[in-house]
Amino acid sequence: MIVSDLFLLALKTIFAQPFRATLIIIAMTIGISSVSILTALGESARSFVVGEFQALGTNLLIMMPGRSETVGGQPPVLGETPRDLTLDDAKAIAQIPLLKAIAPITIGSAPVSTAGLEREATIMGSSAALREVRHLDLARGQFIPTMDFDKAAPVCVIGQTIKEELFANRQSLGEWLRINDRRYRVIGVLGNTGQSVGVGFDEIVIIPIASAQMLFNNYSLFRILAEAKSQQAMYQASEQIRKIIKLRHEGEDDITIITQDSVVQTFNDILLSLTLAVTGIAGISLVVAGVLIMNVMLVSVTQRTAEIGLLKALGAGRRQILALFLTEAAMLSLTGAVLGILTGQAALHLLELIYPDFTFILPLWAQLAALLIAVVTALVFGVMPAYKAAALDPITALNRH
Amino acid sequence: MIALENINRCFEVGEQTVQALNDINLEIDAGEYISVMGPSGSGKSTLLNIISLMDQPTSGRYFLNGEDVTRLQDQQLAQVRNKNIGFIFQSFHLIPRMTAAENIELPMMLAGIPVKQRKSRVKQALSQVGLSERAKHLSNQLSGGQRQRVAIARATIMQPAILLADEPTGNLDSHSGREIVQLLEQLQQQGVTLIIITHDADLGQRAQRQLHMADGRLVEQ
């Protein structure tokens with residue numbers, strides 16, 4: 001039998017039973033579209049989060065006080081409380097030649113006010129290097145000037161939201177901003193950065209690190225961010241930082257160092273397995289579609305018993321009957337799969353209209369996999385009915401009316 | 001051309017064994033015109049099924065053109081059927097969603113004959129049975145006689161040596177029935193071996209060789 005004839009015969013059968021065909025196609029469409037939508041959501045979430053972390057900086061090292069490990073008991077008997085990470089530590093680390101830039105950070109919250117307007121804002125104390133390390137854009141003015149870590153200066157850089165809310169229709173550069181009971185001159189306004197890994201730079205006020213320590217009367221650093229010269233340098237620098245801290249902290253390297261790529265990798269892994277899990281759940285609908293295919297095909301075999309008998313009388317062997325039924329099932333589910341992918345794409349476009357900030361991508365591999373899975377499902381669940389048809393005794397089949 | 005040697009065919013019906021064919025010995029030469037008659041349950045259809053390779057005997061040997069076909073596998077049997085045997089059924093067995101032309105084309109599709117050749121042969125076959133005008137009609141748009149003529153065209157399209165007709169006029173009025181018989185006899189005169197199974201004594205007596213069956217045994221007259 002010529003392959004094109006096989007398709008032609010299957011196509012004729014499909015068109016002869018539009019209701020039956022529609023049922024199978026709908027089931028497959030639902031299955032494939034749910035799989036592709038959920039895969040796309042998972043994939044998009046993954047690339048969004050990974051992108052966020054990559055946008056954090058390049059070859060970034062994040063140091064924080066304390067070490068995540070199990071010591072085996074409560075301080076002070078067995079364990080011990082971690083020592084603070086101080087500006088002196090930061091200065092020592094800054095000596096490492098493998099590092100391009102280093103930015104110590106303190107974070108606090110305080111009321112900020114000007115000309116009778118007041119709101120609560122996050123105050124970040126840092127150095128000039130923060131701009132480079134975090135790839136921050138300035139809308140106007142200048143960033144915190146380069147100076148010694150322990151030198152305080154009454155200047156601040158404000159985020160877009162702070163600028164809009166406190167300096168609504170007036171010039172902000174050069175104006176005084178009151179934070180708690182101290183005054184700082186606005187020297188720069190940050191560009192519109194939006195959310196960046198949970199830190200809203202739009203609602204932040206950045207002041208020199210020493211000023212922030214004075215403001216909050218707290219000399220422990222929240223984080224130290226450092227940008228290494230290369231990826232290789234990042235790993236080496238991490239080792240050197242540990243050594244320096246060990247020397248400075250009485251023999252304990254009681255800090256946690258996170259390299260940016262490990263964060264990216266971790267989130268990538270977590271979200272990838274999440275995507276796969278969600279896809280797997282959606283895959284159940286494909287199994288349901290498969291069972292429906294089997295059911296409908298079985299009914300079809302029963303209805304077409306006489307016809308199968310006739311085909312056998314006319315010279316169709318088992319293999320040809322098997323091929324005919326499997327082709328029919330595969331064509332139906334492939335149509336369903338294509339419709340499913342289109343439905344999925346349409347749904348994703350709709351989501352993009354609703355959430356314009358978020359890009360939804362249905363990766364090509366997912367689309368190809370969906371098509372493949374649809375055909376495999378059809379073949380797996382179509383084998384039983386097709387085999388039943390092929391095994392029919394031609395005489396009994398012909399005599400059944 | 002057809003040689004049956006000691007053919008037996010038993011069916012298990014419940015706990016009983018029914019001997020549908022009992023030690024059948026039969027030789028049929030190419031081009032013969034044979035009728036098989038007998039009451040219901042005498043084994044006529046079983047004999048036809050064995051000859052047409054739709055069924056296998058319980059014991060005995062069947063030679064078709066000198067080849068022992070009792071040993072063939074399903075796929076080979078299907079090919080032998082396709083090339084050597086044409087079927088005509090009482091209830092026509094046309095596929096309702098296909099046109100007359102497509103129904104006739106079906107055995108050639110199964111045999112894998114190229115499309116171009118198929119189209120010209122279908123055209124020829126349609127004109128032979130006088131249905132050139134009805135090529136694009138579905139079977140429910142045709143009369144009983146026309147449907148049986150389509151079935152005959154389908155049965156002969158592979159130019160088989162043997163035509164098996166099981167009550168070919170059973171579902172037709174006498175006028176259409178006569179036309180169908182004439183068509184079949186015409187084919188027989190062109191050299192096809194024609195085997196007709198019938199209850200109809202008038203039809204049966206037209207054959208040159210008449211076989212009667214009773215209780216699974218063959219009685220030649």
# chains A, B, ... in the order shown; residues from 1 in each chain; ligands from 1

$ interface_residues --of "chain A" --to "chain B" --cutoff "10 Å" --atoms "only C-alpha atoms" --output "ChimeraX atom specification"
/A:1-6,9,12-13,15-17,304,306-307,309-320,393-395,398-399,401

$ write_last_selection --atoms "C-alpha atoms" --output "PDB file, in the first residue's frame"
ATOM      1  CA  MET A   1       0.000   0.000   0.000  1.00  0.00           C
ATOM      2  CA  ILE A   2       1.341   3.434  -0.968  1.00  0.00           C
ATOM      3  CA  VAL A   3       1.859   5.756   2.023  1.00  0.00           C
ATOM      4  CA  SER A   4      -0.180   8.569   0.469  1.00  0.00           C
ATOM      5  CA  ASP A   5      -3.101   6.141   0.072  1.00  0.00           C
ATOM      6  CA  LEU A   6      -2.836   5.253   3.722  1.00  0.00           C
ATOM      7  CA  LEU A   9      -8.032   6.462   3.436  1.00  0.00           C
ATOM      8  CA  LYS A  12     -11.713   9.920   4.422  1.00  0.00           C
ATOM      9  CA  THR A  13     -12.608   7.984   7.552  1.00  0.00           C
ATOM     10  CA  PHE A  15     -14.175  13.240   7.574  1.00  0.00           C
ATOM     11  CA  ALA A  16     -16.905  10.611   7.557  1.00  0.00           C
ATOM     12  CA  GLN A  17     -17.175  10.816  11.346  1.00  0.00           C
ATOM     13  CA  ARG A 304     -16.695  -0.585  11.167  1.00  0.00           C
ATOM     14  CA  ALA A 306     -18.077  -5.168   8.369  1.00  0.00           C
ATOM     15  CA  GLU A 307     -15.813  -2.715   6.594  1.00  0.00           C
ATOM     16  CA  GLY A 309     -13.945  -7.673   7.022  1.00  0.00           C
ATOM     17  CA  LEU A 310     -14.397  -6.301   3.518  1.00  0.00           C
ATOM     18  CA  LEU A 311     -10.893  -4.822   3.459  1.00  0.00           C
ATOM     19  CA  LYS A 312      -9.532  -8.201   4.464  1.00  0.00           C
ATOM     20  CA  ALA A 313     -11.544  -9.925   1.725  1.00  0.00           C
ATOM     21  CA  LEU A 314     -10.181  -7.416  -0.787  1.00  0.00           C
ATOM     22  CA  GLY A 315      -6.623  -8.240   0.216  1.00  0.00           C
ATOM     23  CA  ALA A 316      -5.686  -6.192   3.250  1.00  0.00           C
ATOM     24  CA  GLY A 317      -3.430  -8.043   5.669  1.00  0.00           C
ATOM     25  CA  ARG A 318      -3.227  -7.521   9.415  1.00  0.00           C
ATOM     26  CA  ARG A 319      -0.385  -5.075   8.996  1.00  0.00           C
ATOM     27  CA  GLN A 320      -2.364  -2.870   6.627  1.00  0.00           C
ATOM     28  CA  ASP A 393     -12.022 -12.764  11.705  1.00  0.00           C
ATOM     29  CA  PRO A 394     -13.003 -11.613   8.203  1.00  0.00           C
ATOM     30  CA  ILE A 395     -15.967 -13.956   7.872  1.00  0.00           C
ATOM     31  CA  LEU A 398     -18.432  -9.457   7.041  1.00  0.00           C
ATOM     32  CA  ASN A 399     -21.547 -11.180   8.320  1.00  0.00           C
ATOM     33  CA  HIS A 401     -24.532  -6.003  10.148  1.00  0.00           C
TER      34      HIS A 401
END

$ residues_around --residues "range 168-176 of chain B" --least-positions-apart "3" --cutoff "8 Å" --atoms "only C-alpha atoms" --output "list of chain:residue names"
B:Ile88, B:Phe89, B:Gln90, B:Ser91, B:Gly144, B:Gly145, B:Gln148, B:Ala165, B:Glu179, B:Ile180, B:Val181, B:Ile196, B:Thr198

$ write_last_selection --atoms "N, CA and C atoms" --output "PDB file, in the first residue's frame"
ATOM      1  N   ILE B  88     -18.113 -11.174  -4.590  1.00  0.00           N
ATOM      2  CA  ILE B  88     -19.362 -10.437  -4.769  1.00  0.00           C
ATOM      3  C   ILE B  88     -20.307 -10.917  -3.676  1.00  0.00           C
ATOM      4  N   PHE B  89     -20.810  -9.962  -2.879  1.00  0.00           N
ATOM      5  CA  PHE B  89     -21.611 -10.335  -1.714  1.00  0.00           C
ATOM      6  C   PHE B  89     -23.092 -10.037  -1.967  1.00  0.00           C
ATOM      7  N   GLN B  90     -23.918 -10.720  -1.197  1.00  0.00           N
ATOM      8  CA  GLN B  90     -25.358 -10.484  -1.290  1.00  0.00           C
ATOM      9  C   GLN B  90     -25.684  -9.034  -0.930  1.00  0.00           C
ATOM     10  N   SER B  91     -25.012  -8.536   0.121  1.00  0.00           N
ATOM     11  CA  SER B  91     -25.339  -7.171   0.572  1.00  0.00           C
ATOM     12  C   SER B  91     -24.318  -6.148   0.063  1.00  0.00           C
ATOM     13  N   GLY B 144     -29.985  -0.702  -6.019  1.00  0.00           N
ATOM     14  CA  GLY B 144     -29.405  -1.994  -5.649  1.00  0.00           C
ATOM     15  C   GLY B 144     -28.613  -2.612  -6.793  1.00  0.00           C
ATOM     16  N   GLY B 145     -29.222  -2.595  -7.983  1.00  0.00           N
ATOM     17  CA  GLY B 145     -28.555  -3.189  -9.144  1.00  0.00           C
ATOM     18  C   GLY B 145     -27.251  -2.458  -9.465  1.00  0.00           C
ATOM     19  N   GLN B 148     -24.573  -3.397  -6.994  1.00  0.00           N
ATOM     20  CA  GLN B 148     -23.969  -4.704  -7.244  1.00  0.00           C
ATOM     21  C   GLN B 148     -23.035  -4.635  -8.452  1.00  0.00           C
ATOM     22  N   ALA B 165     -19.238 -15.515  -5.938  1.00  0.00           N
ATOM     23  CA  ALA B 165     -20.441 -14.708  -5.721  1.00  0.00           C
ATOM     24  C   ALA B 165     -21.344 -15.437  -4.742  1.00  0.00           C
ATOM     25  N   GLU B 179     -29.887  -8.812 -14.886  1.00  0.00           N
ATOM     26  CA  GLU B 179     -28.778  -8.033 -15.445  1.00  0.00           C
ATOM     27  C   GLU B 179     -27.446  -8.435 -14.820  1.00  0.00           C
ATOM     28  N   ILE B 180     -27.483  -8.610 -13.478  1.00  0.00           N
ATOM     29  CA  ILE B 180     -26.254  -8.967 -12.766  1.00  0.00           C
ATOM     30  C   ILE B 180     -25.762 -10.332 -13.231  1.00  0.00           C
ATOM     31  N   VAL B 181     -26.719 -11.283 -13.358  1.00  0.00           N
ATOM     32  CA  VAL B 181     -26.327 -12.639 -13.791  1.00  0.00           C
ATOM     33  C   VAL B 181     -25.709 -12.572 -15.179  1.00  0.00           C
ATOM     34  N   ILE B 196     -20.812 -19.513  -8.059  1.00  0.00           N
ATOM     35  CA  ILE B 196     -21.957 -18.815  -7.471  1.00  0.00           C
ATOM     36  C   ILE B 196     -22.583 -19.695  -6.399  1.00  0.00           C
ATOM     37  N   THR B 198     -25.922 -20.140  -4.173  1.00  0.00           N
ATOM     38  CA  THR B 198     -27.284 -19.608  -4.227  1.00  0.00           C
ATOM     39  C   THR B 198     -28.310 -20.587  -3.680  1.00  0.00           C
TER      40      THR B 198
END

$ residues_around --residues "Arg147 in chain B" --least-positions-apart "4" --cutoff "10 Å" --atoms "only C-alpha atoms" --output "list of chain:residue names"
B:Ser91, B:Phe92, B:His93, B:Leu94, B:Ala100, B:Leu131, B:Leu138, B:Ser139, B:Asn140, B:Gln141, B:Leu142, B:Ser143, B:Ala151, B:Ile152, B:Ala153

$ write_last_selection --atoms "N, CA and C atoms" --output "PDB file, in the first residue's frame"
ATOM      1  N   SER B  91     -25.012  -8.536   0.121  1.00  0.00           N
ATOM      2  CA  SER B  91     -25.339  -7.171   0.572  1.00  0.00           C
ATOM      3  C   SER B  91     -24.318  -6.148   0.063  1.00  0.00           C
ATOM      4  N   PHE B  92     -23.695  -6.418  -1.050  1.00  0.00           N
ATOM      5  CA  PHE B  92     -22.800  -5.504  -1.796  1.00  0.00           C
ATOM      6  C   PHE B  92     -21.514  -5.128  -1.054  1.00  0.00           C
ATOM      7  N   HIS B  93     -21.665  -4.741   0.242  1.00  0.00           N
ATOM      8  CA  HIS B  93     -20.510  -4.320   1.021  1.00  0.00           C
ATOM      9  C   HIS B  93     -19.706  -3.221   0.354  1.00  0.00           C
ATOM     10  N   LEU B  94     -20.392  -2.174  -0.087  1.00  0.00           N
ATOM     11  CA  LEU B  94     -19.651  -0.997  -0.557  1.00  0.00           C
ATOM     12  C   LEU B  94     -19.385  -0.120   0.674  1.00  0.00           C
ATOM     13  N   ALA B 100     -18.481   5.560  -6.031  1.00  0.00           N
ATOM     14  CA  ALA B 100     -18.419   4.317  -6.798  1.00  0.00           C
ATOM     15  C   ALA B 100     -16.985   4.081  -7.273  1.00  0.00           C
ATOM     16  N   LEU B 131     -21.576   2.128 -15.830  1.00  0.00           N
ATOM     17  CA  LEU B 131     -21.833   3.124 -14.779  1.00  0.00           C
ATOM     18  C   LEU B 131     -20.913   4.338 -14.890  1.00  0.00           C
ATOM     19  N   LEU B 138     -22.097   8.441  -4.360  1.00  0.00           N
ATOM     20  CA  LEU B 138     -21.894   7.597  -3.178  1.00  0.00           C
ATOM     21  C   LEU B 138     -22.855   6.419  -3.281  1.00  0.00           C
ATOM     22  N   SER B 139     -22.558   5.368  -2.500  1.00  0.00           N
ATOM     23  CA  SER B 139     -23.336   4.145  -2.693  1.00  0.00           C
ATOM     24  C   SER B 139     -24.814   4.345  -2.360  1.00  0.00           C
ATOM     25  N   ASN B 140     -25.117   5.249  -1.414  1.00  0.00           N
ATOM     26  CA  ASN B 140     -26.553   5.417  -1.107  1.00  0.00           C
ATOM     27  C   ASN B 140     -27.289   6.230  -2.166  1.00  0.00           C
ATOM     28  N   GLN B 141     -26.526   6.700  -3.160  1.00  0.00           N
ATOM     29  CA  GLN B 141     -27.182   7.404  -4.274  1.00  0.00           C
ATOM     30  C   GLN B 141     -27.389   6.464  -5.456  1.00  0.00           C
ATOM     31  N   LEU B 142     -27.096   5.179  -5.239  1.00  0.00           N
ATOM     32  CA  LEU B 142     -27.204   4.203  -6.331  1.00  0.00           C
ATOM     33  C   LEU B 142     -28.309   3.200  -5.996  1.00  0.00           C
ATOM     34  N   SER B 143     -28.908   2.612  -7.054  1.00  0.00           N
ATOM     35  CA  SER B 143     -29.922   1.576  -6.827  1.00  0.00           C
ATOM     36  C   SER B 143     -29.217   0.268  -6.486  1.00  0.00           C
ATOM     37  N   ALA B 151     -19.903  -3.363  -7.217  1.00  0.00           N
ATOM     38  CA  ALA B 151     -19.215  -4.446  -6.506  1.00  0.00           C
ATOM     39  C   ALA B 151     -18.540  -5.402  -7.491  1.00  0.00           C
ATOM     40  N   ILE B 152     -19.199  -5.650  -8.613  1.00  0.00           N
ATOM     41  CA  ILE B 152     -18.596  -6.549  -9.618  1.00  0.00           C
ATOM     42  C   ILE B 152     -17.356  -5.891 -10.229  1.00  0.00           C
ATOM     43  N   ALA B 153     -17.476  -4.598 -10.497  1.00  0.00           N
ATOM     44  CA  ALA B 153     -16.310  -3.884 -11.031  1.00  0.00           C
ATOM     45  C   ALA B 153     -15.159  -3.949 -10.040  1.00  0.00           C
TER      46      ALA B 153
END

$ residues_around --residues "range 137-149 of chain A" --least-positions-apart "3" --cutoff "10 Å" --atoms "only C-alpha atoms" --output "ChimeraX atom specification"
/A:87-88,90-91,103-104,125-132,134,152-153,155-160,172-174,186-193,206-211

$ write_last_selection --atoms "C-alpha atoms" --output "PDB file, in the first residue's frame"
ATOM      1  CA  LEU A  87      34.149  48.558  57.323  1.00  0.00           C
ATOM      2  CA  ASP A  88      37.711  47.569  58.240  1.00  0.00           C
ATOM      3  CA  ALA A  90      35.735  45.738  53.695  1.00  0.00           C
ATOM      4  CA  LYS A  91      38.891  47.828  53.449  1.00  0.00           C
ATOM      5  CA  ALA A 103      30.771  48.144  47.802  1.00  0.00           C
ATOM      6  CA  PRO A 104      29.962  47.704  51.490  1.00  0.00           C
ATOM      7  CA  GLY A 125      24.547  53.234  52.885  1.00  0.00           C
ATOM      8  CA  SER A 126      27.199  52.381  50.335  1.00  0.00           C
ATOM      9  CA  SER A 127      30.154  53.660  48.337  1.00  0.00           C
ATOM     10  CA  ALA A 128      30.750  55.003  44.846  1.00  0.00           C
ATOM     11  CA  ALA A 129      31.519  51.475  43.666  1.00  0.00           C
ATOM     12  CA  LEU A 130      27.887  50.401  44.175  1.00  0.00           C
ATOM     13  CA  ARG A 131      26.972  52.063  40.912  1.00  0.00           C
ATOM     14  CA  GLU A 132      29.423  49.919  38.985  1.00  0.00           C
ATOM     15  CA  ARG A 134      24.955  46.902  40.563  1.00  0.00           C
ATOM     16  CA  ALA A 152      30.852  60.724  56.006  1.00  0.00           C
ATOM     17  CA  ALA A 153      29.315  63.328  53.722  1.00  0.00           C
ATOM     18  CA  VAL A 155      24.850  63.896  50.303  1.00  0.00           C
ATOM     19  CA  CYS A 156      22.266  61.502  48.956  1.00  0.00           C
ATOM     20  CA  VAL A 157      21.049  59.914  45.710  1.00  0.00           C
ATOM     21  CA  ILE A 158      17.309  59.275  45.488  1.00  0.00           C
ATOM     22  CA  GLY A 159      15.142  56.843  43.533  1.00  0.00           C
ATOM     23  CA  GLN A 160      12.467  57.797  40.989  1.00  0.00           C
ATOM     24  CA  SER A 172      15.351  67.993  43.384  1.00  0.00           C
ATOM     25  CA  LEU A 173      19.046  68.357  42.625  1.00  0.00           C
ATOM     26  CA  GLY A 174      20.740  70.603  45.174  1.00  0.00           C
ATOM     27  CA  VAL A 186      20.349  65.583  46.849  1.00  0.00           C
ATOM     28  CA  ILE A 187      23.187  65.177  44.334  1.00  0.00           C
ATOM     29  CA  GLY A 188      21.643  62.579  41.994  1.00  0.00           C
ATOM     30  CA  VAL A 189      18.452  60.851  40.889  1.00  0.00           C
ATOM     31  CA  LEU A 190      18.508  57.173  39.906  1.00  0.00           C
ATOM     32  CA  GLY A 191      17.162  56.071  36.547  1.00  0.00           C
ATOM     33  CA  ASN A 192      14.034  54.007  36.331  1.00  0.00           C
ATOM     34  CA  THR A 193      15.305  50.575  37.358  1.00  0.00           C
ATOM     35  CA  ILE A 206      21.467  56.076  48.936  1.00  0.00           C
ATOM     36  CA  ILE A 207      23.919  57.855  51.212  1.00  0.00           C
ATOM     37  CA  PRO A 208      27.662  57.307  51.886  1.00  0.00           C
ATOM     38  CA  ILE A 209      28.339  54.236  54.017  1.00  0.00           C
ATOM     39  CA  ALA A 210      29.913  56.172  56.900  1.00  0.00           C
ATOM     40  CA  SER A 211      26.920  58.550  56.953  1.00  0.00           C
TER      41      SER A 211
END

$ select_by_dssp --residues "range 60-115 of chain B" --states "strand (DSSP E or B)" --output "VMD selection string"
chain B and resid 60 to 64 67 to 68 85 to 88 99

$ residues_around --residues "Asp253 in chain A" --least-positions-apart "3" --cutoff "9 Å" --atoms "only C-alpha atoms" --output "number ranges by chain"
A: 66-67, 241-250, 256

$ select_by_dssp --residues "range 115-313 of chain A" --states "alpha helix (DSSP H)" --output "PyMOL selection string"
chain A and resi 129-133+160-166+209-216+231-248+260-303+305-313

$ write_last_selection --atoms "C-alpha atoms" --output "PDB file, in the first residue's frame"
ATOM      1  CA  ALA A 129      31.519  51.475  43.666  1.00  0.00           C
ATOM      2  CA  LEU A 130      27.887  50.401  44.175  1.00  0.00           C
ATOM      3  CA  ARG A 131      26.972  52.063  40.912  1.00  0.00           C
ATOM      4  CA  GLU A 132      29.423  49.919  38.985  1.00  0.00           C
ATOM      5  CA  VAL A 133      28.750  46.733  40.897  1.00  0.00           C
ATOM      6  CA  GLN A 160      12.467  57.797  40.989  1.00  0.00           C
ATOM      7  CA  THR A 161       9.491  57.265  43.294  1.00  0.00           C
ATOM      8  CA  ILE A 162      11.053  59.298  46.090  1.00  0.00           C
ATOM      9  CA  LYS A 163      11.737  62.061  43.592  1.00  0.00           C
ATOM     10  CA  GLU A 164       8.144  62.010  42.305  1.00  0.00           C
ATOM     11  CA  GLU A 165       6.570  61.935  45.733  1.00  0.00           C
ATOM     12  CA  LEU A 166       8.735  64.414  47.607  1.00  0.00           C
ATOM     13  CA  ILE A 209      28.339  54.236  54.017  1.00  0.00           C
ATOM     14  CA  ALA A 210      29.913  56.172  56.900  1.00  0.00           C
ATOM     15  CA  SER A 211      26.920  58.550  56.953  1.00  0.00           C
ATOM     16  CA  ALA A 212      24.546  55.605  57.175  1.00  0.00           C
ATOM     17  CA  GLN A 213      26.516  54.082  60.041  1.00  0.00           C
ATOM     18  CA  MET A 214      26.272  57.321  61.901  1.00  0.00           C
ATOM     19  CA  LEU A 215      22.583  57.693  61.074  1.00  0.00           C
ATOM     20  CA  PHE A 216      21.643  54.250  62.369  1.00  0.00           C
ATOM     21  CA  GLN A 231      34.905  34.575  36.366  1.00  0.00           C
ATOM     22  CA  GLN A 232      38.160  32.802  37.191  1.00  0.00           C
ATOM     23  CA  ALA A 233      39.163  35.713  39.452  1.00  0.00           C
ATOM     24  CA  MET A 234      35.798  35.435  41.199  1.00  0.00           C
ATOM     25  CA  TYR A 235      36.583  31.935  42.506  1.00  0.00           C
ATOM     26  CA  GLN A 236      40.157  32.841  43.476  1.00  0.00           C
ATOM     27  CA  ALA A 237      39.008  36.037  45.177  1.00  0.00           C
ATOM     28  CA  SER A 238      36.468  34.042  47.155  1.00  0.00           C
ATOM     29  CA  GLU A 239      39.318  31.923  48.593  1.00  0.00           C
ATOM     30  CA  GLN A 240      41.434  34.984  49.388  1.00  0.00           C
ATOM     31  CA  ILE A 241      38.517  36.730  51.093  1.00  0.00           C
ATOM     32  CA  ARG A 242      38.068  33.701  53.363  1.00  0.00           C
ATOM     33  CA  LYS A 243      41.759  33.825  54.304  1.00  0.00           C
ATOM     34  CA  ILE A 244      41.636  37.541  55.083  1.00  0.00           C
ATOM     35  CA  ILE A 245      38.483  37.198  57.173  1.00  0.00           C
ATOM     36  CA  LYS A 246      39.977  34.231  59.034  1.00  0.00           C
ATOM     37  CA  LEU A 247      42.986  36.320  59.970  1.00  0.00           C
ATOM     38  CA  ARG A 248      40.856  39.244  61.051  1.00  0.00           C
ATOM     39  CA  GLN A 260      26.570  35.111  41.460  1.00  0.00           C
ATOM     40  CA  ASP A 261      26.798  32.090  39.174  1.00  0.00           C
ATOM     41  CA  SER A 262      25.972  29.745  42.039  1.00  0.00           C
ATOM     42  CA  VAL A 263      22.845  31.747  42.781  1.00  0.00           C
ATOM     43  CA  VAL A 264      21.902  31.753  39.116  1.00  0.00           C
ATOM     44  CA  GLN A 265      22.605  28.025  38.899  1.00  0.00           C
ATOM     45  CA  THR A 266      20.566  27.250  42.012  1.00  0.00           C
ATOM     46  CA  PHE A 267      17.554  29.208  40.859  1.00  0.00           C
ATOM     47  CA  ASN A 268      17.908  27.745  37.403  1.00  0.00           C
ATOM     48  CA  ASP A 269      17.847  24.232  38.841  1.00  0.00           C
ATOM     49  CA  ILE A 270      14.946  24.895  41.184  1.00  0.00           C
ATOM     50  CA  LEU A 271      12.791  26.535  38.550  1.00  0.00           C
ATOM     51  CA  LEU A 272      13.657  23.956  35.930  1.00  0.00           C
ATOM     52  CA  SER A 273      12.477  21.148  38.175  1.00  0.00           C
ATOM     53  CA  LEU A 274       9.416  23.204  39.016  1.00  0.00           C
ATOM     54  CA  THR A 275       8.681  23.594  35.301  1.00  0.00           C
ATOM     55  CA  LEU A 276       9.108  19.878  34.754  1.00  0.00           C
ATOM     56  CA  ALA A 277       6.834  19.068  37.692  1.00  0.00           C
ATOM     57  CA  VAL A 278       4.123  21.400  36.450  1.00  0.00           C
ATOM     58  CA  THR A 279       4.478  20.013  32.924  1.00  0.00           C
ATOM     59  CA  GLY A 280       4.181  16.527  34.345  1.00  0.00           C
ATOM     60  CA  ILE A 281       0.932  17.442  36.065  1.00  0.00           C
ATOM     61  CA  ALA A 282      -0.403  18.901  32.834  1.00  0.00           C
ATOM     62  CA  GLY A 283       0.739  15.684  31.171  1.00  0.00           C
ATOM     63  CA  ILE A 284      -2.050  13.888  33.032  1.00  0.00           C
ATOM     64  CA  SER A 285      -4.508  15.612  30.711  1.00  0.00           C
ATOM     65  CA  LEU A 286      -2.623  13.999  27.824  1.00  0.00           C
ATOM     66  CA  VAL A 287      -3.141  10.592  29.374  1.00  0.00           C
ATOM     67  CA  VAL A 288      -6.837  11.396  29.682  1.00  0.00           C
ATOM     68  CA  ALA A 289      -6.837  12.386  26.007  1.00  0.00           C
ATOM     69  CA  GLY A 290      -5.096   9.108  25.223  1.00  0.00           C
ATOM     70  CA  VAL A 291      -7.729   7.078  27.028  1.00  0.00           C
ATOM     71  CA  LEU A 292     -10.417   8.965  25.121  1.00  0.00           C
ATOM     72  CA  ILE A 293      -8.664   8.171  21.854  1.00  0.00           C
ATOM     73  CA  MET A 294      -8.598   4.522  22.797  1.00  0.00           C
ATOM     74  CA  ASN A 295     -12.267   4.557  23.703  1.00  0.00           C
ATOM     75  CA  VAL A 296     -13.436   6.309  20.591  1.00  0.00           C
ATOM     76  CA  MET A 297     -11.241   4.149  18.376  1.00  0.00           C
ATOM     77  CA  LEU A 298     -12.654   1.006  20.005  1.00  0.00           C
ATOM     78  CA  VAL A 299     -16.178   2.180  19.250  1.00  0.00           C
ATOM     79  CA  SER A 300     -15.032   2.918  15.721  1.00  0.00           C
ATOM     80  CA  VAL A 301     -13.664  -0.608  15.308  1.00  0.00           C
ATOM     81  CA  THR A 302     -16.982  -2.047  16.455  1.00  0.00           C
ATOM     82  CA  GLN A 303     -18.924   0.200  14.107  1.00  0.00           C
ATOM     83  CA  THR A 305     -16.453  -4.330  11.699  1.00  0.00           C
ATOM     84  CA  ALA A 306     -18.077  -5.168   8.369  1.00  0.00           C
ATOM     85  CA  GLU A 307     -15.813  -2.715   6.594  1.00  0.00           C
ATOM     86  CA  ILE A 308     -12.718  -4.258   8.154  1.00  0.00           C
ATOM     87  CA  GLY A 309     -13.945  -7.673   7.022  1.00  0.00           C
ATOM     88  CA  LEU A 310     -14.397  -6.301   3.518  1.00  0.00           C
ATOM     89  CA  LEU A 311     -10.893  -4.822   3.459  1.00  0.00           C
ATOM     90  CA  LYS A 312      -9.532  -8.201   4.464  1.00  0.00           C
ATOM     91  CA  ALA A 313     -11.544  -9.925   1.725  1.00  0.00           C
TER      92      ALA A 313
END

$ closest_residue --among "A:Met124, A:Leu348, A:Ala45, A:Leu11" --to "Phe325 in chain A" --atoms "only C-alpha atoms"
A:Leu11

$ residues_around --residues "Arg9 in chain B" --least-positions-apart "2" --cutoff "10 Å" --atoms "only C-alpha atoms" --output "NGL selection string"
:B and (7 or 11 or 18-24 or 43 or 46-47 or 50 or 55-60 or 216)
